[in-house]
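Enquirer: Below is the structure I would like to discuss, written out as structure tokens.
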Amino acid sequence: MSIILAAVFGAVAILPLFVGDIRYVMHILIMCLIWSVVASCWDLIMGFAGIFSFGQVAFFVIGAYSSAIFALKLGIPPFFAMFLAGGVTAVIGVLVGLPCLRLKGAYIALVTFAVHMILEPFLKSNMGRALGTGGSRGILTIPPIKLFGVTFSSADLTPFFYFSWIMALACAIIIFIVIKSYWGDAFLALKDSEDFAVSLGVSAFKYKLMVFALTSFLTGLIGGFYAHYVGMLSTRLLGLDLFVTLMIMLVVGGIGQFPGAVIGAFFTVSLNEMMGPLGPYRPVIMGALVVILVLTLPDGVIGLIRKPEQRRG
Amino acid sequence: MQFGMLEIIDVIISGLTNGSVYALMALGLTLVYGVSKAFNFAYGSFYSLGGYVAWLLLGLHIGLGYGAVLLLAIPFLLVFGYASERLLVAPLRRRSDWEIKVMMITLGLALLLDNGYAVIFGPRVKSLPPILEGSFVMGDVILAYQDVGIFLLSIFGMIAFGWLLKNTRIGMAVQAVAQNPAGAQIVGIPRDVIFAATFAISTVMAGIGGILLAQKYFISPAGGWDVLVKAWVITAFGGMGSIRGSLYAAFIVGMLEAVVAFFLGFSWVLFALFGVLLLTLAVRPQGLMGKWG
């Protein structure tokens, strides 16, 4: 697990040496890093904790909007606004998690996806506008992150790339530690047999709520990071195609096959960019891709690598 | 602001008409979940499919009435639903994480269908002519025959389904599989065929819902999502797997929607539904008449 993670991040770190001058490629790489965090968090909550949360994009958008609003309305420096946004998202995540965790399987997907569906009308409503979401126009002038006198804006992508790289690596390490820790074992036990694990004293509720808080914090944080990178936000982020794109990352990487989600993010974001010229056919192909991949790649690319090992063992 | 009797009657009529269609659609959703534990995210797209099929058939101008449209659309939807289940859902059942995989694959199918509609039919909305022309006027109260037709057809659909479930061999087989899939298989019921058949029936219900409601609210490529959300809230509120529960819940939600839309505006409907959903799950997670929590 750690070898794959190190290899991926190591390879990505030296890429700017070769493609640093091509803005478009650098942009794609930054997007890959940002989405790798979102996809890994989703994998942690769905693949490891076994919670069918469909609110991942919603948490990302909540983080992005909160960070932008903190920076614009309250004048908080973007770097701190980002962490505050993570905190806000974590609180909302816990609020969503509290009723959800008493429910089972499909119900959780239902409620969390309802949060996703209701977010767009909320952001466009008068209530949202009063908070500073900009209604259906969105937020257009989000300030870039400034740290130690360096402005991390889209003007020069190389510093920004390394900033994203550090963020993504930090999140990946946190998730890695969680999976390897007592938490990870608790989740595995809960997934294998919830009743038995609970009878041994593993508190399903406590660990699930903690993972809800942690993943929403990281997702909100990276959402804020994304907002300060692209500089504008609109409710188009909540479209079904982005949700499905995130899902493809997880399917490609394999659910519950942790560094897989990172690989899936790199594959999917690049593919999505390449399909840009296809216009209206792109979402059709994305939909078809999900159908095909779910059927043919049950454990993702990591599953393909792992299988022969298991046979030998 | 003054609200007269007339507006209130309008609200009630709208609530009853929409409620009846929602009941039919929620029935399809809860049927599949109750029998096979599969949650179908493409359900809203099947709703739109019904609308588009009817629009195509009516647009042929060969004098097809709604009767003929339904006769042609139902077998098409049956085959479509049956094939979807056999090709997409059935292969996943062998795996331990099939529940989430089914949600993912149907979500992918929804994206494929919705954008397929946009590519084929264009992003602009399509409208269907009313199933019945004219209206019944009694004093100041106007009752469109269209609303009566929609209401009666949905109720008829539900009664017919209930009768089939209770009185035919396949209906009893469906009940048996819902109660105990392994047991049903032991006594020789082809479980996989029943899974596919219920999926096909639910597709027909969604499609008919689309044909009926599109007359009032147009057909658009992503228009099914709104209805899917309502069908969900109804199933959760009524209790997943409970047919009677969804029936009551559908009329309550239909009424609530009409009242909220009238007094507060359409944009509040979704928030109100979400409130109902959260309240239900907080107070009574198994829903009004659900079998499990």
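Chain labels follow the order of the structure tokens: the first chain is A, the next B, and so on; residue numbering restarts at 1 in every chain, and ligands are counted from 1 in their shown order.
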Distance cut-off 9 Å, counting only C-alpha atoms - which residues of chain B neighbour chain A? Return them as a short mmCIF file (atom, residue, chain, number, x, y, z; two decimals) with C-alpha atoms, in the first residue's frame.
Expert:
data_model
loop_
_atom_site.label_atom_id
_atom_site.label_comp_id
_atom_site.auth_asym_id
_atom_site.auth_seq_id
_atom_site.Cartn_x
_atom_site.Cartn_y
_atom_site.Cartn_z
CA LYS B 37 -32.85 -4.99 -2.01
CA ALA B 38 -31.60 -3.21 -5.13
CA PHE B 39 -31.91 0.55 -5.20
CA LEU B 88 -26.63 -4.68 -15.39
CA PRO B 91 -24.21 -9.95 -12.79
CA LEU B 92 -23.37 -7.89 -9.69
CA ARG B 95 -20.44 -10.01 -5.04
CA GLU B 99 -25.63 -3.14 -3.05
CA ILE B 100 -23.33 -0.16 -3.56
CA LYS B 101 -22.34 -1.43 -7.01
CA VAL B 102 -26.00 -1.49 -8.06
CA MET B 103 -26.41 2.10 -6.93
CA MET B 104 -23.30 3.06 -8.89
CA ILE B 105 -24.24 1.27 -12.08
CA THR B 106 -27.77 2.66 -12.06
CA LEU B 107 -26.40 6.14 -11.42
CA GLY B 108 -24.17 5.66 -14.47
CA LEU B 109 -27.17 4.46 -16.44
CA ALA B 110 -29.09 7.57 -15.36
CA LEU B 111 -26.30 9.84 -16.64
CA LEU B 112 -26.16 7.85 -19.88
CA LEU B 113 -29.93 8.00 -20.45
CA ASP B 114 -30.44 11.64 -19.41
CA ASN B 115 -27.68 12.88 -21.68
CA GLY B 116 -28.75 10.45 -24.36
CA ALA B 118 -30.53 15.53 -24.56
CA VAL B 119 -28.50 14.39 -27.58
CA VAL B 229 -36.61 12.46 -5.13
CA TRP B 232 -37.76 8.31 -2.50
CA VAL B 233 -39.20 10.57 0.15
CA ALA B 236 -38.83 6.38 3.13
CA SER B 267 -38.92 26.52 -4.77
CA TRP B 268 -39.90 25.51 -1.24
CA LEU B 270 -37.89 20.41 -2.16
CA PHE B 271 -37.00 21.88 1.25
CA PHE B 274 -36.36 17.15 2.81
CA LEU B 277 -37.63 12.96 5.18
CA LEU B 278 -35.37 14.04 8.05
CA LEU B 281 -36.01 9.22 9.83
CA ALA B 282 -35.31 10.94 13.13
CA PRO B 285 -36.61 5.43 10.84
CA GLN B 286 -38.63 2.50 9.50
CA GLY B 293 -35.38 0.07 10.97
#
Enquirer: If we count only C-alpha atoms and set the cut-off at 12 Å, which residues sit around range 2-5 of chain A, ignoring sequence neighbours fewer than 4 positions away in its own chain? Please answer as a PyMOL selection string.
Expert: chain A and resi 9-12+36+40+168-173+175-177+179-180+257-263+301-302+305-306
Enquirer: Those same residues - N, CA and C atoms - I'd like them written as a PDB file, in the first residue's frame.
Expert:
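In the end it all went to again_15.pdb:
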ATOM      1  N   PHE A   9       3.126   9.360  -5.814  1.00  0.00           N
ATOM      2  CA  PHE A   9       3.442  10.739  -5.473  1.00  0.00           C
ATOM      3  C   PHE A   9       4.862  11.107  -5.908  1.00  0.00           C
ATOM      4  N   GLY A  10       5.782  10.153  -5.831  1.00  0.00           N
ATOM      5  CA  GLY A  10       7.138  10.415  -6.284  1.00  0.00           C
ATOM      6  C   GLY A  10       7.170  10.722  -7.769  1.00  0.00           C
ATOM      7  N   ALA A  11       6.465   9.923  -8.558  1.00  0.00           N
ATOM      8  CA  ALA A  11       6.446  10.116 -10.008  1.00  0.00           C
ATOM      9  C   ALA A  11       5.823  11.460 -10.345  1.00  0.00           C
ATOM     10  N   VAL A  12       4.731  11.795  -9.643  1.00  0.00           N
ATOM     11  CA  VAL A  12       4.047  13.043  -9.944  1.00  0.00           C
ATOM     12  C   VAL A  12       4.930  14.234  -9.589  1.00  0.00           C
ATOM     13  N   SER A  36      -7.860  13.636  -6.188  1.00  0.00           N
ATOM     14  CA  SER A  36      -7.393  12.416  -5.516  1.00  0.00           C
ATOM     15  C   SER A  36      -7.767  12.472  -4.034  1.00  0.00           C
ATOM     16  N   SER A  40     -10.213   9.813  -2.359  1.00  0.00           N
ATOM     17  CA  SER A  40      -9.688   8.991  -1.256  1.00  0.00           C
ATOM     18  C   SER A  40     -10.575   9.099  -0.023  1.00  0.00           C
ATOM     19  N   ALA A 168      -2.215  17.109  -1.072  1.00  0.00           N
ATOM     20  CA  ALA A 168      -2.722  15.787  -1.428  1.00  0.00           C
ATOM     21  C   ALA A 168      -1.952  14.705  -0.689  1.00  0.00           C
ATOM     22  N   LEU A 169      -0.627  14.894  -0.598  1.00  0.00           N
ATOM     23  CA  LEU A 169       0.189  13.893   0.087  1.00  0.00           C
ATOM     24  C   LEU A 169      -0.172  13.850   1.576  1.00  0.00           C
ATOM     25  N   ALA A 170      -0.353  15.038   2.181  1.00  0.00           N
ATOM     26  CA  ALA A 170      -0.706  15.087   3.605  1.00  0.00           C
ATOM     27  C   ALA A 170      -2.025  14.354   3.833  1.00  0.00           C
ATOM     28  N   CYS A 171      -3.013  14.621   2.974  1.00  0.00           N
ATOM     29  CA  CYS A 171      -4.317  13.961   3.133  1.00  0.00           C
ATOM     30  C   CYS A 171      -4.166  12.451   2.947  1.00  0.00           C
ATOM     31  N   ALA A 172      -3.377  12.057   1.935  1.00  0.00           N
ATOM     32  CA  ALA A 172      -3.195  10.630   1.675  1.00  0.00           C
ATOM     33  C   ALA A 172      -2.550   9.954   2.884  1.00  0.00           C
ATOM     34  N   ILE A 173      -1.582  10.637   3.500  1.00  0.00           N
ATOM     35  CA  ILE A 173      -0.904  10.039   4.659  1.00  0.00           C
ATOM     36  C   ILE A 173      -1.876   9.921   5.831  1.00  0.00           C
ATOM     37  N   ILE A 175      -5.098   9.563   5.663  1.00  0.00           N
ATOM     38  CA  ILE A 175      -6.021   8.459   5.377  1.00  0.00           C
ATOM     39  C   ILE A 175      -5.319   7.117   5.568  1.00  0.00           C
ATOM     40  N   PHE A 176      -4.058   7.074   5.127  1.00  0.00           N
ATOM     41  CA  PHE A 176      -3.267   5.857   5.264  1.00  0.00           C
ATOM     42  C   PHE A 176      -3.119   5.475   6.740  1.00  0.00           C
ATOM     43  N   ILE A 177      -2.811   6.492   7.571  1.00  0.00           N
ATOM     44  CA  ILE A 177      -2.645   6.230   9.005  1.00  0.00           C
ATOM     45  C   ILE A 177      -3.958   5.730   9.606  1.00  0.00           C
ATOM     46  N   ILE A 179      -6.362   4.144   8.130  1.00  0.00           N
ATOM     47  CA  ILE A 179      -6.662   2.774   7.713  1.00  0.00           C
ATOM     48  C   ILE A 179      -5.801   1.771   8.479  1.00  0.00           C
ATOM     49  N   LYS A 180      -4.522   2.157   8.722  1.00  0.00           N
ATOM     50  CA  LYS A 180      -3.613   1.233   9.395  1.00  0.00           C
ATOM     51  C   LYS A 180      -3.810   1.212  10.913  1.00  0.00           C
ATOM     52  N   GLN A 257      -9.838  -0.101  -1.754  1.00  0.00           N
ATOM     53  CA  GLN A 257      -8.483  -0.523  -2.148  1.00  0.00           C
ATOM     54  C   GLN A 257      -7.620   0.711  -2.094  1.00  0.00           C
ATOM     55  N   PHE A 258      -7.384   1.264  -0.911  1.00  0.00           N
ATOM     56  CA  PHE A 258      -7.030   2.662  -0.785  1.00  0.00           C
ATOM     57  C   PHE A 258      -6.157   3.350  -1.830  1.00  0.00           C
ATOM     58  N   PRO A 259      -4.904   3.089  -2.013  1.00  0.00           N
ATOM     59  CA  PRO A 259      -4.267   4.047  -2.932  1.00  0.00           C
ATOM     60  C   PRO A 259      -4.897   3.994  -4.313  1.00  0.00           C
ATOM     61  N   GLY A 260      -5.746   3.007  -4.531  1.00  0.00           N
ATOM     62  CA  GLY A 260      -6.446   2.877  -5.809  1.00  0.00           C
ATOM     63  C   GLY A 260      -7.195   4.133  -6.188  1.00  0.00           C
ATOM     64  N   ALA A 261      -7.864   4.748  -5.206  1.00  0.00           N
ATOM     65  CA  ALA A 261      -8.650   5.941  -5.503  1.00  0.00           C
ATOM     66  C   ALA A 261      -7.774   7.057  -6.053  1.00  0.00           C
ATOM     67  N   VAL A 262      -6.517   7.123  -5.568  1.00  0.00           N
ATOM     68  CA  VAL A 262      -5.591   8.152  -6.065  1.00  0.00           C
ATOM     69  C   VAL A 262      -5.289   7.885  -7.539  1.00  0.00           C
ATOM     70  N   ILE A 263      -4.989   6.634  -7.845  1.00  0.00           N
ATOM     71  CA  ILE A 263      -4.724   6.262  -9.240  1.00  0.00           C
ATOM     72  C   ILE A 263      -5.959   6.533 -10.088  1.00  0.00           C
ATOM     73  N   VAL A 301      -8.190  -1.198 -10.573  1.00  0.00           N
ATOM     74  CA  VAL A 301      -6.859  -1.573 -11.057  1.00  0.00           C
ATOM     75  C   VAL A 301      -6.058  -2.263  -9.955  1.00  0.00           C
ATOM     76  N   ILE A 302      -6.282  -1.831  -8.702  1.00  0.00           N
ATOM     77  CA  ILE A 302      -5.553  -2.445  -7.596  1.00  0.00           C
ATOM     78  C   ILE A 302      -5.918  -3.928  -7.504  1.00  0.00           C
ATOM     79  N   ILE A 305      -3.858  -5.881  -9.818  1.00  0.00           N
ATOM     80  CA  ILE A 305      -2.483  -6.103  -9.366  1.00  0.00           C
ATOM     81  C   ILE A 305      -2.447  -7.164  -8.260  1.00  0.00           C
ATOM     82  N   ARG A 306      -3.449  -7.077  -7.355  1.00  0.00           N
ATOM     83  CA  ARG A 306      -3.403  -7.913  -6.159  1.00  0.00           C
ATOM     84  C   ARG A 306      -3.747  -9.371  -6.416  1.00  0.00           C
TER      85      ARG A 306
END
Enquirer: Enter the distance from CA of Gly245 in chain B to CA of Val193 in chain B, in Å, rounded to one decimal.
Expert: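 A separation of 26.2 Å between them.
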Enquirer: Rounded to one decimal, what separation in Å do you get between CA of Leu24 in chain B and CA of Gly209 in chain B?
Expert: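 Calculated distance between CA of Leu24 in chain B and CA of Gly209 in chain B is 7.0 Å.
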Enquirer: Run DSSP on the backbone of this structure and report the residues of range 48-157 of chain A it assigns to strand (DSSP E), as a PDB file with C-alpha atoms, in the first residue's frame.
Expert:
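states_7.pdb, freshly written:
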ATOM      1  CA  ILE A 145      -3.871  31.944  -1.406  1.00  0.00           C
ATOM      2  CA  LYS A 146      -0.937  34.051  -0.130  1.00  0.00           C
ATOM      3  CA  LEU A 147       1.634  32.483   2.147  1.00  0.00           C
ATOM      4  CA  VAL A 150       4.206  34.057  -2.216  1.00  0.00           C
ATOM      5  CA  THR A 151       0.923  34.303  -4.089  1.00  0.00           C
ATOM      6  CA  PHE A 152      -0.298  30.898  -5.163  1.00  0.00           C
TER       7      PHE A 152
END
Enquirer: When DSSP works through the backbone of this structure, what residues of range 165-267 of chain A end up as alpha helix (DSSP H), shown as number ranges by chain?
Expert: A: 165-180, 182-192, 194-199, 204-230, 240-253, 259-267
Enquirer: Which residues are close to Phe48 in chain A, i.e. within 8 Å by only C-alpha atoms, leaving aside same-chain residues fewer than 4 positions away? Reply as a PyMOL selection string.
Expert: chain A and resi 43-44+179+184+187-188+191+256
Enquirer: Those residues you just picked out, can you put them in a file as a compact mmCIF listing (two decimals), in the first residue's frame with N, CA and C atoms?
Expert:
# COMPACT_ATOMS: atom_id res chain seq x y z
N ASP A 43 -13.48 7.01 -0.54
CA ASP A 43 -13.12 5.61 -0.40
C ASP A 43 -13.03 5.24 1.07
N LEU A 44 -12.47 6.15 1.88
CA LEU A 44 -12.35 5.87 3.32
C LEU A 44 -13.73 5.68 3.93
N ILE A 179 -6.36 4.14 8.13
CA ILE A 179 -6.66 2.77 7.71
C ILE A 179 -5.80 1.77 8.48
N GLY A 184 -9.00 1.61 11.50
CA GLY A 184 -9.12 0.79 10.31
C GLY A 184 -9.53 -0.62 10.67
N PHE A 187 -13.14 -0.70 11.59
CA PHE A 187 -14.04 -0.68 10.43
C PHE A 187 -14.11 -2.04 9.75
N LEU A 188 -12.96 -2.65 9.65
CA LEU A 188 -12.91 -3.96 9.00
C LEU A 188 -13.79 -4.95 9.77
N LYS A 191 -17.39 -4.17 9.27
CA LYS A 191 -17.88 -4.51 7.95
C LYS A 191 -18.10 -6.02 7.83
N GLY A 256 -12.50 0.51 -1.51
CA GLY A 256 -11.85 -0.11 -0.36
C GLY A 256 -10.46 -0.65 -0.70
